[in-house]
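Have a look at the structure below before the remarks.
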Protein chains: 2
Amino acid sequence: MLNSIQESPLYPIVNPKSIAFFGASNNFSAMGTSQFISLRDLGFEGTIYPVHPKEDKVQNLKAYRRVFDLPEVPDLAVLVVPTKIVSKLLEECGEKGIKHAIVVSGGFREVGREGGDREQELVEIATKYGIRFLGPNCIGVANPYHKLNTTFLRYLGGPGFIGMASQSGSFVTQMFNYLSRLTLGFSTAFSVGNEANVDIVDCLEYLGACPNTKVIALYIEGIRRGREFVEMARSIIPHKPVVALYVGGSETGRRAGFSHTGALAGPDQLYDGVFHQSGVIRAYSIGELFDMCWVLGCLPKPRGPRIVIQTHSGGPGAVAADSCGREGFELPALSHNTVKKLTPFVPNTGSIRNPVDITFTKNPMDYFSAIPKVLLEEDNADILLVYFLVPQQMVNRALERMGLSKDQAIEQGAKLIDAQCKSIARLLEIHKKPIVGYTFRSIHEDFTKSLISQGVPVFEGPERAVRALKASVKYSRLREKVLMSASQ
Amino acid sequence: MLNSIQESPLYPIVNPKSIAFFGASNNFSAMGTSQFISLRDLGFEGTIYPVHPKEDKVQNLKAYRRVFDLPEVPDLAVLVVPTKIVSKLLEECGEKGIKHAIVVSGGFREVGREGGDREQELVEIATKYGIRFLGPNCIGVANPYHKLNTTFLRYLGGPGFIGMASQSGSFVTQMFNYLSRLTLGFSTAFSVGNEANVDIVDCLEYLGACPNTKVIALYIEGIRRGREFVEMARSIIPHKPVVALYVGGSETGRRAGFSHTGALAGPDQLYDGVFHQSGVIRAYSIGELFDMCWVLGCLPKPRGPRIVIQTHSGGPGAVAADSCGREGFELPALSHNTVKKLTPFVPNTGSIRNPVDITFTKNPMDYFSAIPKVLLEEDNADILLVYFLVPQQMVNRALERMGLSKDQAIEQGAKLIDAQCKSIARLLEIHKKPIVGYTFRSIHEDFTKSLISQGVPVFEGPERAVRALKASVKYSRLREKVLMSASQ
């Protein structure tokens, strides 16, 4: 692992002071223009030099006919140009002295043998001039801390703690919207494309050293440098978790007509082995990949796999218990002391077992303060899983009936929700045990949104919550294993 | 199976002309009042008789001191009263001649032996007077076709095609919000509670005969009349699919302190056997239960398990192919004819394999009309799975750049989206093959919402789409099996 992010050859790619941009124009439908606009949208603070063979201005910025005309040697070149001129332009960048590039253009190895030859040409140019480049056939990078986004979609939300390296550009751009709705975000995300020069192992190295990255997400269709991958991951695991989604997808694409399972069986097991050996946690869907990153990145590490479930309704409690069981969690019995402390809060319709089924609370605030506090104090439990249901409609209706006007009810309802969420967040801070919520409503309702923004993950259904928590328990074990075998 | 829904003893419980309501008052925080308000909110068109020992009016409706004072014998009594007076009131209902009741009150079998005795008393009263009752310890029913909702949450959305019988009231009420956001809804939903008199098998019988019900969802913690359940389900399967979520949850609740898995292993396999024998499809989460109902209820039955995937991006295509493989679907090779017809639409960066990766279309409308049309005409494929990504922000931005004002762009963007969605819906109608979408964005964005409202299910991630489709393929097989063994 690197000691400092600046040592990484990728540092100037995601933290450039100046960029030469090839392929942006005044034609709005061009891909290059879209990417250029995204770059400026996020407020990149360095210098951008559009390079265009004919235009004097590109999107109101002074344009240069050739890279040789630039007044300085920029840190980075971004190329979104037709396939056939990529190598010529990369060569010119080399002559100018540019040492880092992102080649967005496609039409290389991914289109067959002739494209492979073209890609080899790029590699040779890079070697000749000492250039490190991302791509070809990628959509570049997003580093919101540096206000850098070279992709064609606008970066949404704030900078976050998830570092990503992806063999699909979609799983960078499509996640802007997804993560921002959860008040999450990328620290830095790489779309690695064909990995002709910079590969996923290089990105892993960078993200391992990146101080803004608390957890690393990988989308993998194939690893080329297997041994290096394992070694790199093992050096990072003691410091931060790595989660990977692997699909043998491109294989399937190539082998159209074969049933997918058969084709995958071999590689799938192979990758299982690689991840196991590396201490990398495997996810099985894009949703799960980011669920795991969420819990790993924003909650304290659980001491063990013992969960206590808090609910006010039997079915949701039963479903959560079932999920816990299926994923190998324990539902410990509550200690005598905990039962005693809970008794005043649980009516005779409720149950002081695990799940703790409150049924109803005379003081609704208890569900968010006194009760979870008691459960967090329980020595037999490592994790608190809470069923949340606060249909705002009911809260407001109840307040209206208490004589408040509609506006007053909305205002008071919002205050109540705010107090409830803050109370849970405070418990998280004090007790240093993971608290995770689940609901069967939308997680984009005000109450859940507020909880999430306070740092408490809430999932749609207990299954997702429990699988994400499992990654957290797994990470602690993997970390120990990696540390132990390193010390031997 | 019943020939007509009117033959069911439950008919008056979900289609009453008149209701005697016990337990509503002018105190807004009372559970009974909440339920009473829900009932009136949905616009129940029959007569409601509040029965209250002290009030002259309840929520502005004339109240009656005792059931004997009612001017007629109502079809149904709803009891939301303290445990200790339930049996007395049920007895009075019997004396009055009421033959159907919903007992919402809790404090019976679920609280232990003494409660069990109280429940036995109810059963005896019912037998004495020939009363059929739902509950105790339930939240009643929702039949939006009859504008009936006895639960404490407001019914949202319109009447739908999902019939439900649930051993948890939460999975009725919590689904109002969830289903309405997908433009789905219940035909009729039963919360069965302790099943002292009416049980899940009775509800299954009713829903089997209910003409508004296209698919039946069950939430089960335990089946008491196993043989009857199997027979009833088998009689329904040839007519409509039944999906069940089983959790051994209440067992877990009781056995706090034991690891869940161990405790479940036996019963879980037992229930697997019961479902298999019955032709019931098993779901493993609440989300999956309704995903399956969605696809089963609103799409044509697939002829087989051969899926063709349409995407314009490699990663999302690969992830979908991976999901298909894992769930046992085939990704057939495209016929020569299909390849020929697709060629004009796919640029050289794309791939005419399966997944079909368009990469980009000169005419965006092709993605929603010409291309899926060709894929639906492919004889080798039974199902079309489409990756949808239409970030409205991009559409509007592109239109704005074409010189339209912001308002015009929004208007034109909406028209474009509408045309795209209608085009897909038309293909669904013409080709009679299932079309299912997936996305990594919110399914509550305008584009997806519009597709969904046109009858095309769209899921967050391909895994959910594929698992729901699997239920559909499974149903066809189960149906054949049940029909075949019946004819032997």
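Ordering of the structure tokens sets the chain letters (A, B, ...), residue numbers begin anew at 1 in every chain, and ligands are numbered from 1 in the order given.
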
Name the residues of region 127-316 of chain B that come out as strand (DSSP E or B) in a backbone DSSP run; write them as a count of residues only.
40

Which of region 56-226 of chain B counts as alpha helix (DSSP H) under DSSP, as a ChimeraX atom specification please?
/B:83-96,113-129,170-181,200-209,226

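Shell of Val458 (chain B) at 8 Å, with only C-alpha atoms counted and residues fewer than 2 places along the chain excluded, is Val436, Gly437, Tyr438, Thr439, Ile443, Thr448, Leu451, Ile452, Val456, Glu460 and Ala465 of chain B.
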
Export of the given selection (all heavy atoms) as a short mmCIF file (atom, residue, chain, number, x, y, z; two decimals), in the first residue's frame:
```cif
data_model
loop_
_atom_site.label_atom_id
_atom_site.label_comp_id
_atom_site.auth_asym_id
_atom_site.auth_seq_id
_atom_site.Cartn_x
_atom_site.Cartn_y
_atom_site.Cartn_z
N VAL B 436 -40.25 -6.83 -19.46
CA VAL B 436 -39.96 -6.33 -18.11
C VAL B 436 -38.75 -5.41 -18.20
O VAL B 436 -37.79 -5.70 -18.92
CB VAL B 436 -39.69 -7.50 -17.14
CG1 VAL B 436 -39.13 -7.01 -15.81
CG2 VAL B 436 -40.98 -8.29 -16.89
N GLY B 437 -38.80 -4.31 -17.47
CA GLY B 437 -37.69 -3.37 -17.48
C GLY B 437 -36.90 -3.41 -16.18
O GLY B 437 -37.38 -3.89 -15.16
N TYR B 438 -35.68 -2.90 -16.24
CA TYR B 438 -34.91 -2.68 -15.01
C TYR B 438 -34.11 -1.41 -15.17
O TYR B 438 -33.85 -0.94 -16.26
CB TYR B 438 -34.02 -3.88 -14.67
CG TYR B 438 -32.88 -4.14 -15.63
CD1 TYR B 438 -31.57 -3.75 -15.31
CD2 TYR B 438 -33.09 -4.78 -16.85
CE1 TYR B 438 -30.52 -4.00 -16.19
CE2 TYR B 438 -32.04 -5.02 -17.73
CZ TYR B 438 -30.76 -4.63 -17.39
OH TYR B 438 -29.72 -4.86 -18.26
N THR B 439 -33.76 -0.85 -14.03
CA THR B 439 -33.02 0.41 -14.01
C THR B 439 -32.19 0.45 -12.73
O THR B 439 -32.44 -0.32 -11.80
CB THR B 439 -33.99 1.61 -14.06
OG1 THR B 439 -33.24 2.81 -14.07
CG2 THR B 439 -34.93 1.64 -12.86
N ILE B 443 -37.30 4.01 -9.44
CA ILE B 443 -38.42 3.67 -10.33
C ILE B 443 -39.54 4.69 -10.16
O ILE B 443 -40.60 4.55 -10.75
CB ILE B 443 -38.95 2.24 -10.12
CG1 ILE B 443 -39.44 2.03 -8.69
CG2 ILE B 443 -37.91 1.20 -10.50
CD1 ILE B 443 -40.24 0.75 -8.54
N THR B 448 -40.09 6.13 -15.64
CA THR B 448 -40.42 4.80 -15.16
C THR B 448 -41.85 4.76 -14.63
O THR B 448 -42.59 3.79 -14.87
CB THR B 448 -39.43 4.36 -14.06
OG1 THR B 448 -38.14 4.84 -14.40
CG2 THR B 448 -39.40 2.87 -13.94
N LEU B 451 -44.04 4.35 -17.59
CA LEU B 451 -43.99 2.97 -18.11
C LEU B 451 -44.83 2.05 -17.23
O LEU B 451 -45.61 1.23 -17.72
CB LEU B 451 -42.55 2.46 -18.07
CG LEU B 451 -41.78 2.35 -19.37
CD1 LEU B 451 -40.41 1.76 -19.11
CD2 LEU B 451 -42.51 1.52 -20.42
N ILE B 452 -44.63 2.18 -15.93
CA ILE B 452 -45.35 1.32 -14.98
C ILE B 452 -46.85 1.53 -15.10
O ILE B 452 -47.63 0.58 -15.10
CB ILE B 452 -44.84 1.60 -13.54
CG1 ILE B 452 -43.42 1.02 -13.37
CG2 ILE B 452 -45.78 1.03 -12.50
CD1 ILE B 452 -42.74 1.37 -12.06
N VAL B 456 -46.20 -1.88 -17.74
CA VAL B 456 -44.90 -2.54 -17.92
C VAL B 456 -44.14 -2.50 -16.58
O VAL B 456 -43.74 -1.42 -16.13
CB VAL B 456 -44.06 -1.83 -19.01
CG1 VAL B 456 -42.72 -2.54 -19.20
CG2 VAL B 456 -44.83 -1.75 -20.31
N GLU B 460 -35.95 -2.15 -9.73
CA GLU B 460 -34.65 -1.57 -9.39
C GLU B 460 -33.62 -2.69 -9.40
O GLU B 460 -33.54 -3.49 -8.48
CB GLU B 460 -34.73 -0.86 -8.04
CG GLU B 460 -35.53 0.43 -8.15
CD GLU B 460 -35.66 1.22 -6.85
OE1 GLU B 460 -35.19 0.77 -5.80
OE2 GLU B 460 -36.29 2.31 -6.91
N ALA B 465 -36.09 -8.22 -11.23
CA ALA B 465 -36.84 -8.48 -12.45
C ALA B 465 -36.80 -9.97 -12.79
O ALA B 465 -37.84 -10.59 -13.06
CB ALA B 465 -36.26 -7.67 -13.60
#
```

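Minimum distance to Ala244 (chain A) across A:Ser38, A:Ser323, A:Ser423, A:Ser166 (counting only C-alpha atoms) occurs at A:Ser166.
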
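Distances here use only C-alpha atoms; by that measure, the residue among A:Val386, A:Leu331, A:Ile236, A:Ile162 closest to Asp357 (chain A) is A:Val386.
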
Contacts of Val58 (chain A) at 6 Å or less, counting only C-alpha atoms, minus same-chain residues fewer than 2 places along, as JSON, numbers by chain?
{"A": [25, 26, 60, 61, 63]}

Hey, what's within 12 Å of Arg227 (chain B) if we count only C-alpha atoms and toss same-chain stuff fewer than 3 positions away? As a PyMOL selection string, please?
chain B and resi 201+223-224+230-234+274-275+277-278

Minimum-distance residue to Ile139 (chain A), chosen among A:Phe171, A:Phe161, A:Phe108, A:Tyr49 (using only C-alpha atoms)
A:Phe171

Neighbour list for Arg109 (chain B) as an NGL selection string, cut-off 8 Å, only C-alpha atoms, skip fewer than 5 positions in-chain
:B and (114-119 or 194)

Taking N, CA, C and O atoms for each residue, export the selection above as a CSV table (one decimal), in the first residue's frame.
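Heads up, here's the output in selection_13.csv:
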```csv
chain,number,residue,atom,x,y,z
B,114,GLU,N,-54.2,-18.1,29.4
B,114,GLU,CA,-55.5,-17.4,29.8
B,114,GLU,C,-56.2,-16.8,28.6
B,114,GLU,O,-57.4,-16.9,28.4
B,115,GLY,N,-55.4,-16.2,27.7
B,115,GLY,CA,-55.9,-15.6,26.5
B,115,GLY,C,-56.5,-16.7,25.6
B,115,GLY,O,-57.5,-16.5,25.0
B,116,GLY,N,-55.9,-17.9,25.6
B,116,GLY,CA,-56.4,-19.0,24.9
B,116,GLY,C,-57.8,-19.4,25.3
B,116,GLY,O,-58.6,-19.7,24.5
B,117,ASP,N,-58.0,-19.4,26.6
B,117,ASP,CA,-59.3,-19.7,27.2
B,117,ASP,C,-60.3,-18.7,26.7
B,117,ASP,O,-61.4,-19.0,26.3
B,118,ARG,N,-59.9,-17.4,26.8
B,118,ARG,CA,-60.8,-16.4,26.3
B,118,ARG,C,-61.2,-16.6,24.8
B,118,ARG,O,-62.3,-16.4,24.4
B,119,GLU,N,-60.2,-17.0,24.0
B,119,GLU,CA,-60.4,-17.2,22.6
B,119,GLU,C,-61.4,-18.4,22.4
B,119,GLU,O,-62.3,-18.3,21.5
B,194,ASN,N,-55.6,-14.3,14.8
B,194,ASN,CA,-55.4,-15.6,15.4
B,194,ASN,C,-56.1,-16.7,14.8
B,194,ASN,O,-56.0,-17.8,15.2
```

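Counting only C-alpha atoms, the residue from A:Phe440, A:Phe388, A:Phe186, A:Phe68 that sits nearest to Thr173 (chain A) is A:Phe186.
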
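If you look at CA of Gly140 (chain A) and CA of Val103 (chain A), they are 7.7 Å away from each other.
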
Surrounding residues of Cys298 (chain B) excluding itself and chain neighbours under 6 positions, 12 Å, only C-alpha atoms, as number ranges by chain
B: 160-162, 182-185, 213-215, 241, 290-292, 425, 428-429, 432-436, 452-458, 468-469, 472
